[in-house]
$ cat target_18.cif   # mmCIF, C-alpha atoms
data_structure
loop_
_atom_site.label_atom_id
_atom_site.label_comp_id
_atom_site.auth_asym_id
_atom_site.auth_seq_id
_atom_site.Cartn_x
_atom_site.Cartn_y
_atom_site.Cartn_z
CA MET A 1 11.93 0.10 2.80
CA ASN A 2 12.43 1.94 -0.45
CA ARG A 3 11.64 5.66 -0.51
CA GLU A 4 10.49 5.42 -4.10
CA GLY A 5 8.60 2.19 -3.60
CA PRO A 6 4.84 1.73 -3.66
CA VAL A 7 2.65 2.52 -0.68
CA ILE A 8 0.64 -0.62 0.05
CA VAL A 9 -2.83 0.06 1.43
CA ILE A 10 -5.01 -2.74 2.72
CA GLU A 11 -8.53 -1.44 2.97
CA ASP A 12 -11.83 -3.25 2.44
CA ASP A 13 -14.10 -0.19 2.51
CA LEU A 14 -14.64 1.39 -0.90
CA ASP A 15 -15.38 4.88 0.42
CA ASP A 16 -12.24 4.91 2.53
CA LYS A 17 -10.26 3.68 -0.45
CA GLU A 18 -11.56 6.53 -2.60
CA MET A 19 -10.78 9.12 0.06
CA LEU A 20 -7.21 7.88 0.34
CA GLU A 21 -6.79 7.90 -3.43
CA GLU A 22 -7.97 11.47 -3.53
CA VAL A 23 -5.70 12.50 -0.67
CA PHE A 24 -2.61 10.95 -2.23
CA LEU A 25 -3.42 12.55 -5.57
CA LYS A 26 -3.81 15.94 -3.93
CA LEU A 27 -0.61 15.62 -1.92
CA GLY A 28 1.26 14.59 -5.06
CA TYR A 29 3.68 11.98 -3.74
CA PRO A 30 5.47 10.16 -6.56
CA ASN A 31 5.06 6.74 -4.95
CA PRO A 32 2.62 4.38 -6.64
CA LEU A 33 -0.39 3.55 -4.49
CA LEU A 34 -1.41 -0.11 -4.45
CA PHE A 35 -4.72 -1.13 -2.88
CA PHE A 36 -5.75 -4.54 -1.62
CA SER A 37 -9.13 -5.30 -0.15
CA ASP A 38 -7.90 -7.99 2.19
CA GLY A 39 -4.75 -9.18 3.90
CA GLN A 40 -4.36 -12.34 1.86
CA ALA A 41 -4.38 -10.46 -1.44
CA ALA A 42 -1.72 -8.11 -0.07
CA LEU A 43 0.38 -11.02 1.13
CA ASP A 44 0.12 -12.74 -2.26
CA TYR A 45 1.34 -9.55 -3.92
CA LEU A 46 4.21 -9.11 -1.45
CA ASN A 47 5.31 -12.69 -1.98
CA SER A 48 5.26 -12.45 -5.74
CA THR A 49 6.84 -9.06 -6.38
CA ASP A 50 10.50 -8.14 -6.57
CA SER A 51 9.75 -4.53 -5.81
CA VAL A 52 10.45 -3.12 -2.36
CA PRO A 53 7.51 -1.14 -0.99
CA PHE A 54 7.87 2.14 0.90
CA LEU A 55 5.41 1.25 3.60
CA ILE A 56 2.26 -0.70 4.44
CA LEU A 57 -0.92 0.99 5.70
CA SER A 58 -3.27 -1.64 6.97
CA ASP A 59 -6.76 -1.69 8.36
CA ILE A 60 -7.33 -4.09 11.26
CA ASN A 61 -10.72 -5.70 10.74
CA MET A 62 -10.68 -7.32 7.35
CA PRO A 63 -11.94 -10.55 5.83
CA ARG A 64 -9.65 -13.55 5.19
CA LEU A 65 -6.56 -12.20 6.94
CA ASP A 66 -6.89 -9.37 9.46
CA GLY A 67 -4.29 -6.69 10.13
CA PHE A 68 -2.66 -8.47 13.07
CA ALA A 69 -2.45 -11.81 11.30
CA LEU A 70 -0.97 -10.20 8.19
CA ARG A 71 1.64 -8.43 10.27
CA ASP A 72 2.58 -11.75 11.89
CA LYS A 73 2.97 -13.47 8.56
CA ILE A 74 5.22 -10.73 7.21
CA LYS A 75 7.33 -10.82 10.37
CA MET A 76 7.81 -14.59 10.07
CA ASP A 77 8.82 -14.49 6.43
CA GLU A 78 12.59 -14.12 6.04
CA LYS A 79 12.43 -12.85 2.49
CA LEU A 80 9.85 -10.20 3.37
CA GLN A 81 11.70 -9.26 6.54
CA LEU A 82 14.73 -8.35 4.45
CA LYS A 83 12.68 -5.67 2.72
CA CYS A 84 12.33 -3.82 6.06
CA ILE A 85 8.87 -2.46 5.26
CA PRO A 86 7.35 -0.24 7.96
CA TYR A 87 3.96 -1.64 8.99
CA LEU A 88 1.36 0.86 10.15
CA PHE A 89 -2.24 0.41 11.24
CA PHE A 90 -4.74 2.83 9.78
CA SER A 91 -8.06 1.90 11.29
CA THR A 92 -11.28 3.03 12.92
CA ALA A 93 -10.79 0.28 15.50
CA SER A 94 -8.68 1.89 18.20
CA SER A 95 -9.69 0.17 21.39
CA GLN A 96 -7.12 0.17 24.16
CA LYS A 97 -6.77 -3.58 23.69
CA ALA A 98 -5.96 -3.21 19.96
CA VAL A 99 -3.46 -0.43 20.66
CA ILE A 100 -1.70 -2.41 23.39
CA GLU A 101 -1.52 -5.48 21.19
CA ALA A 102 -0.24 -3.43 18.25
CA TYR A 103 2.59 -1.86 20.21
CA SER A 104 3.57 -5.09 21.92
CA MET A 105 4.18 -6.43 18.42
CA SER A 106 6.11 -3.24 17.68
CA VAL A 107 4.13 -2.00 14.71
CA GLN A 108 5.61 1.16 13.29
CA GLY A 109 2.53 3.30 13.95
CA PHE A 110 -1.17 3.23 14.72
CA PHE A 111 -3.33 5.92 13.15
CA VAL A 112 -7.03 6.45 13.53
CA LYS A 113 -8.97 6.75 10.29
CA GLN A 114 -10.78 10.07 10.58
CA ASN A 115 -13.90 11.10 8.70
CA SER A 116 -12.85 14.35 7.12
CA MET A 117 -10.65 14.72 4.09
CA ALA A 118 -8.60 17.42 5.84
CA GLU A 119 -7.79 15.11 8.75
CA ILE A 120 -6.84 12.21 6.49
CA GLU A 121 -4.66 14.59 4.49
CA LYS A 122 -2.86 15.64 7.65
CA THR A 123 -2.36 12.04 8.77
CA VAL A 124 -1.01 10.92 5.41
CA SER A 125 1.39 13.85 5.15
CA VAL A 126 2.71 13.27 8.69
CA ILE A 127 3.24 9.59 7.92
CA MET A 128 4.96 10.21 4.58
CA GLU A 129 7.19 12.99 5.97
CA TYR A 130 8.34 10.79 8.87
CA TRP A 131 9.28 7.72 6.84
CA MET A 132 10.82 9.81 4.03
CA ARG A 133 13.20 11.25 6.61
CA CYS A 134 14.14 7.85 7.97
CA VAL A 135 17.31 6.12 6.85
CA ALA A 136 16.49 3.34 4.41
CA PRO A 137 18.58 0.20 3.96
CA LYS A 138 20.62 0.25 0.76
CA ASN A 139 20.71 -2.46 -1.90
CA PHE A 140 18.12 -5.16 -1.80
CA MET B 1 1.08 16.48 22.92
CA THR B 2 0.71 12.95 24.26
CA GLN B 3 1.67 12.62 27.92
CA GLY B 4 4.54 10.64 29.32
CA PRO B 5 8.23 11.18 29.83
CA ILE B 6 10.64 11.14 26.91
CA VAL B 7 13.49 8.70 27.51
CA ILE B 8 16.77 9.53 25.76
CA ILE B 9 19.74 7.19 25.80
CA GLU B 10 22.80 9.10 24.67
CA ASP B 11 26.35 8.72 25.98
CA ASP B 12 27.57 12.10 24.72
CA LYS B 13 26.83 14.86 27.24
CA ASP B 14 26.96 17.60 24.58
CA ASP B 15 24.38 15.77 22.51
CA GLN B 16 22.21 15.40 25.61
CA GLU B 17 22.28 19.16 26.04
CA VAL B 18 21.45 19.74 22.39
CA TYR B 19 18.43 17.46 22.74
CA ALA B 20 17.28 19.18 25.90
CA GLU B 21 17.54 22.61 24.34
CA CYS B 22 15.80 21.61 21.10
CA ILE B 23 12.96 19.95 22.95
CA ARG B 24 12.36 23.05 25.07
CA GLU B 25 12.57 25.28 21.98
CA LEU B 26 9.83 23.15 20.43
CA GLY B 27 7.68 24.01 23.44
CA ILE B 28 7.41 20.42 24.56
CA GLU B 29 6.73 20.09 28.23
CA ASN B 30 7.04 16.35 28.74
CA GLU B 31 9.62 15.38 31.31
CA ILE B 32 12.90 14.15 29.81
CA HIS B 33 14.88 11.31 31.38
CA PHE B 34 18.46 11.09 30.12
CA PHE B 35 20.54 7.94 30.43
CA ASP B 36 24.12 7.65 29.29
CA GLY B 37 23.90 3.89 28.88
CA GLY B 38 21.52 1.06 28.13
CA GLU B 39 21.75 -0.70 31.51
CA LYS B 40 20.59 2.37 33.42
CA ALA B 41 17.77 2.89 30.95
CA LEU B 42 16.69 -0.74 31.37
CA ASP B 43 16.73 -0.39 35.15
CA TYR B 44 14.47 2.61 34.92
CA LEU B 45 12.12 1.05 32.36
CA SER B 46 11.81 -2.16 34.36
CA THR B 47 11.00 -0.47 37.64
CA THR B 48 9.13 2.71 36.83
CA GLU B 49 5.39 3.04 37.09
CA GLU B 50 5.52 5.80 34.50
CA GLN B 51 4.48 5.04 30.94
CA PRO B 52 7.02 6.86 28.77
CA PHE B 53 5.84 8.53 25.59
CA LEU B 54 8.89 7.63 23.52
CA ILE B 55 12.43 6.22 23.68
CA ILE B 56 15.12 7.91 21.58
CA SER B 57 18.41 6.09 21.50
CA ASP B 58 21.84 6.44 20.01
CA VAL B 59 23.32 3.34 18.36
CA ASN B 60 27.04 3.48 19.14
CA MET B 61 27.53 3.46 22.88
CA PRO B 62 30.05 1.74 25.10
CA CYS B 63 29.03 -1.33 27.16
CA MET B 64 25.66 -1.74 25.46
CA THR B 65 24.90 -0.59 21.93
CA GLY B 66 21.50 0.80 21.03
CA LEU B 67 20.82 -2.37 19.06
CA ASP B 68 21.56 -4.54 22.10
CA LEU B 69 19.30 -2.34 24.17
CA LYS B 70 16.44 -2.68 21.70
CA LYS B 71 16.94 -6.44 21.66
CA ARG B 72 16.82 -6.60 25.47
CA ILE B 73 13.53 -4.73 25.39
CA GLN B 74 12.12 -6.99 22.64
CA ASP B 75 13.10 -10.11 24.54
CA ASP B 76 11.59 -8.99 27.82
CA PRO B 77 7.83 -9.73 27.91
CA TYR B 78 7.16 -7.00 30.46
CA LEU B 79 9.07 -4.32 28.57
CA ARG B 80 7.63 -5.41 25.26
CA ALA B 81 4.12 -5.19 26.64
CA LYS B 82 4.83 -1.64 27.79
CA GLY B 83 4.82 -0.91 24.06
CA ILE B 84 6.92 2.26 24.16
CA PRO B 85 7.84 3.44 20.66
CA PHE B 86 11.60 3.17 20.13
CA VAL B 87 13.46 5.36 17.67
CA PHE B 88 17.17 5.57 16.78
CA ILE B 89 18.87 8.89 16.15
CA SER B 90 22.47 8.16 15.33
CA THR B 91 25.47 9.36 13.35
CA SER B 92 25.95 5.71 12.48
CA SER B 93 23.72 4.84 9.56
CA ASN B 94 25.65 2.00 8.01
CA ASN B 95 23.60 -0.60 6.23
CA VAL B 96 24.24 -3.37 8.75
CA SER B 97 22.97 -1.31 11.68
CA VAL B 98 19.93 -0.09 9.76
CA ARG B 99 18.97 -3.61 8.71
CA HIS B 100 19.59 -4.94 12.19
CA ALA B 101 17.40 -2.20 13.62
CA HIS B 102 14.55 -3.05 11.27
CA ALA B 103 14.84 -6.72 12.16
CA LEU B 104 14.30 -5.64 15.76
CA SER B 105 11.17 -3.71 14.71
CA VAL B 106 12.57 -0.30 15.49
CA GLN B 107 10.00 2.41 14.93
CA GLY B 108 12.25 4.89 13.15
CA TYR B 109 15.91 5.39 12.33
CA PHE B 110 17.21 8.91 11.75
CA GLU B 111 20.65 10.14 10.94
CA LYS B 112 21.84 12.59 13.60
CA PRO B 113 22.64 15.90 11.88
CA SER B 114 25.42 18.21 13.04
CA SER B 115 23.52 21.46 13.27
CA MET B 116 21.20 22.29 16.12
CA GLY B 117 18.54 23.54 13.73
CA ALA B 118 18.53 20.27 11.85
CA VAL B 119 18.32 18.27 15.10
CA ARG B 120 15.35 20.38 16.10
CA GLU B 121 13.68 19.63 12.77
CA ILE B 122 14.13 15.89 13.16
CA LEU B 123 12.77 16.00 16.70
CA GLN B 124 9.79 18.02 15.44
CA THR B 125 9.09 15.34 12.83
CA VAL B 126 9.43 12.58 15.42
CA PHE B 127 7.19 14.22 18.02
CA THR B 128 4.55 15.23 15.46
CA TYR B 129 4.32 11.64 14.25
CA TRP B 130 4.15 9.98 17.65
CA SER B 131 1.69 12.57 18.99
CA LEU B 132 -0.67 12.00 16.08
CA CYS B 133 -0.33 8.25 16.56
CA LYS B 134 -2.74 6.39 18.75
CA HIS B 135 -0.59 5.58 21.75
CA ILE B 136 -1.07 3.58 24.90
CA ASN B 137 -1.12 6.94 26.71
CA ASN B 138 -3.92 8.38 24.63
CA THR B 139 -6.49 5.62 24.19
#
$ encode --input "target_18.cif" --output "structure tokens"
Amino acid sequence: MNREGPVIVIEDDLDDKEMLEEVFLKLGYPNPLLFFSDGQAALDYLNSTDSVPFLILSDINMPRLDGFALRDKIKMDEKLQLKCIPYLFFSTASSQKAVIEAYSMSVQGFFVKQNSMAEIEKTVSVIMEYWMRCVAPKNF
Amino acid sequence: MTQGPIVIIEDDKDDQEVYAECIRELGIENEIHFFDGGEKALDYLSTTEEQPFLIISDVNMPCMTGLDLKKRIQDDPYLRAKGIPFVFISTSSNNVSVRHAHALSVQGYFEKPSSMGAVREILQTVFTYWSLCKHINNT
């Protein structure tokens, strides 16, 4: 985890992507925002970059590689594990089953994607504030 | 706020009191269960029918460190399935511990400040986050 690193968002819905872009712009965090429309694209990026992201915000239901499968792959990869990137779900799918499965794999958070801009703004600022306060590993 | 007891594992009695006072000052009414060591916390977690809201643990503790405790929870299928968020608040924030904690999928690692006001602020941040989160207790 790198406090100045990019926020990785995996989101296949264009409207949701635009809302998040707007929210991050409004809140004015300095971190770059990188969007991927599916898990595989995100994984390819993570495997090819030297940069250390700040955190990952992932939808659950996505084509090619869903949120759970992506999380598994990152967990299994030694090189990616060393980057200590918090993995959060940000999804409309919040069935009890999904929540239980998410926490049994110890994801770092599970947030419901709300419809209003104000609610998304609140969620993003709570998330960013929390992880900004956390101790980050030094030297990668 | 999301229901469920708050479990705090902290061997220093003064720190326990600081936590208790800060949590009350924040107006949080969840029950708090204090344990001064990992074994006792594990006994409780393994036998209780309660579904705790959150576990806050120190790192440096005699007998069982916070990292060992987290590992015991990770390795136990029953405890892992309970899916209780686990957060470290510790004066020890050396790189090795922080990395180790992340490898164990800890859900937050905060440096324990010395002033009561600052402790209260950290707890506020922690509770705000985990209350907003979808949680096994609020699905």
$ closest_atom_pairs --input "target_18.cif" --of "chain B" --to "chain A" --cutoff "8 Å" --atoms "only C-alpha atoms" --output "Markdown table"
| residue | atom | partner | partner_atom | distance |
| --- | --- | --- | --- | --- |
| B:Arg80 | CA | A:Ser104 | CA | 5.3 |
| B:Ala81 | CA | A:Ser104 | CA | 4.8 |
| B:Lys82 | CA | A:Ser104 | CA | 6.9 |
| B:Gly83 | CA | A:Tyr103 | CA | 4.5 |
| B:Ile84 | CA | A:Tyr103 | CA | 7.2 |
| B:Pro85 | CA | A:Tyr103 | CA | 7.5 |
| B:Ser93 | CA | A:Val135 | CA | 7.1 |
| B:Asn95 | CA | A:Pro137 | CA | 5.6 |
| B:Val98 | CA | A:Pro137 | CA | 6.0 |
| B:Arg99 | CA | A:Pro137 | CA | 6.1 |
| B:His102 | CA | A:Cys84 | CA | 5.7 |
| B:Ala103 | CA | A:Gln81 | CA | 6.9 |
| B:Ser105 | CA | A:Ser106 | CA | 5.9 |
| B:Val106 | CA | A:Ser106 | CA | 7.4 |
| B:Gln107 | CA | A:Gln108 | CA | 4.9 |
| B:Gly108 | CA | A:Cys134 | CA | 6.3 |
| B:Tyr109 | CA | A:Cys134 | CA | 5.3 |
| B:Phe110 | CA | A:Cys134 | CA | 5.0 |
| B:Glu111 | CA | A:Val135 | CA | 6.6 |
| B:Thr125 | CA | A:Tyr130 | CA | 6.1 |
| B:Val126 | CA | A:Tyr130 | CA | 6.9 |
| B:Thr128 | CA | A:Val126 | CA | 7.3 |
| B:Tyr129 | CA | A:Val126 | CA | 6.0 |
| B:Trp130 | CA | A:Gly109 | CA | 7.8 |
| B:Leu132 | CA | A:Phe111 | CA | 7.3 |
| B:Cys133 | CA | A:Phe111 | CA | 5.1 |
| B:Lys134 | CA | A:Phe110 | CA | 5.4 |
| B:His135 | CA | A:Val99 | CA | 6.7 |
| B:Ile136 | CA | A:Ile100 | CA | 6.2 |
| B:Thr139 | CA | A:Gln96 | CA | 5.5 |
$ atom_distance --input "target_18.cif" --atom1 "CA of Lys13 in chain B" --atom2 "CA of Phe34 in chain B"
9.6 Å
$ residues_near_point --input "target_18.cif" --point "(10.7, 13.0, 27.5)" --cutoff "9 Å" --atoms "all atoms listed in the file" --output "list in words"
Gly4, Pro5, Ile6, Val7, Ile8, Ile23, Ile28, Glu29, Asn30, Glu31, Ile32, His33, Phe34, Pro52, Phe53, Leu54, Ile55 and Ile56 of chain B
$ closest_residue --input "target_18.cif" --among "A:Leu65, A:Leu27, A:Met117, A:Val7" --to "Ala41 in chain A" --atoms "only C-alpha atoms"
A:Leu65
$ residues_near_point --input "target_18.cif" --point "(1.9, -13.4, 7.8)" --cutoff "7 Å" --atoms "only C-alpha atoms" --output "list in words"
Ala69, Leu70, Arg71, Asp72, Lys73, Ile74, Lys75 and Met76 of chain A
$ closest_residue --input "target_18.cif" --among "A:Asp59, A:Asn115, A:Ala93, A:Glu22" --to "Ser37 in chain A" --atoms "all atoms listed in the file"
A:Asp59
$ atom_distance --input "target_18.cif" --atom1 "CA of Leu55 in chain A" --atom2 "CA of Asn137 in chain B"
24.7 Å
$ resolve_selection --input "target_18.cif" --expression "the PyMOL selection byres ((chain B and resi 37) around 7)" --output "list in words"
Ile9, Glu10, Asp11, Phe35, Asp36, Gly38, Glu39, Lys40, Ala41 and Met64 of chain B
$ resolve_selection --input "target_18.cif" --expression "the PyMOL selection byres ((chain B and resi 68) around 12)" --output "VMD selection string"
chain B and resid 37 to 39 42 57 to 67 69 to 75 97 100 to 101 104 106
$ resolve_selection --input "target_18.cif" --expression "the PyMOL selection byres ((chain A and resi 64) around 12)" --output "PyMOL selection string"
chain A and resi 12+36-43+60-63+65-70
$ atom_distance --input "target_18.cif" --atom1 "CA of Glu21 in chain B" --atom2 "CA of Lys112 in chain B"
15.3 Å
$ axis_aligned_box --input "target_18.cif" --around "range 108-119 of chain A" --padding-each-side "4 Å" --output "AutoDock Vina command-line options"
--center_x -4.1 --center_y 9.3 --center_z 9.4 --size_x 27.5 --size_y 24.3 --size_z 18.6
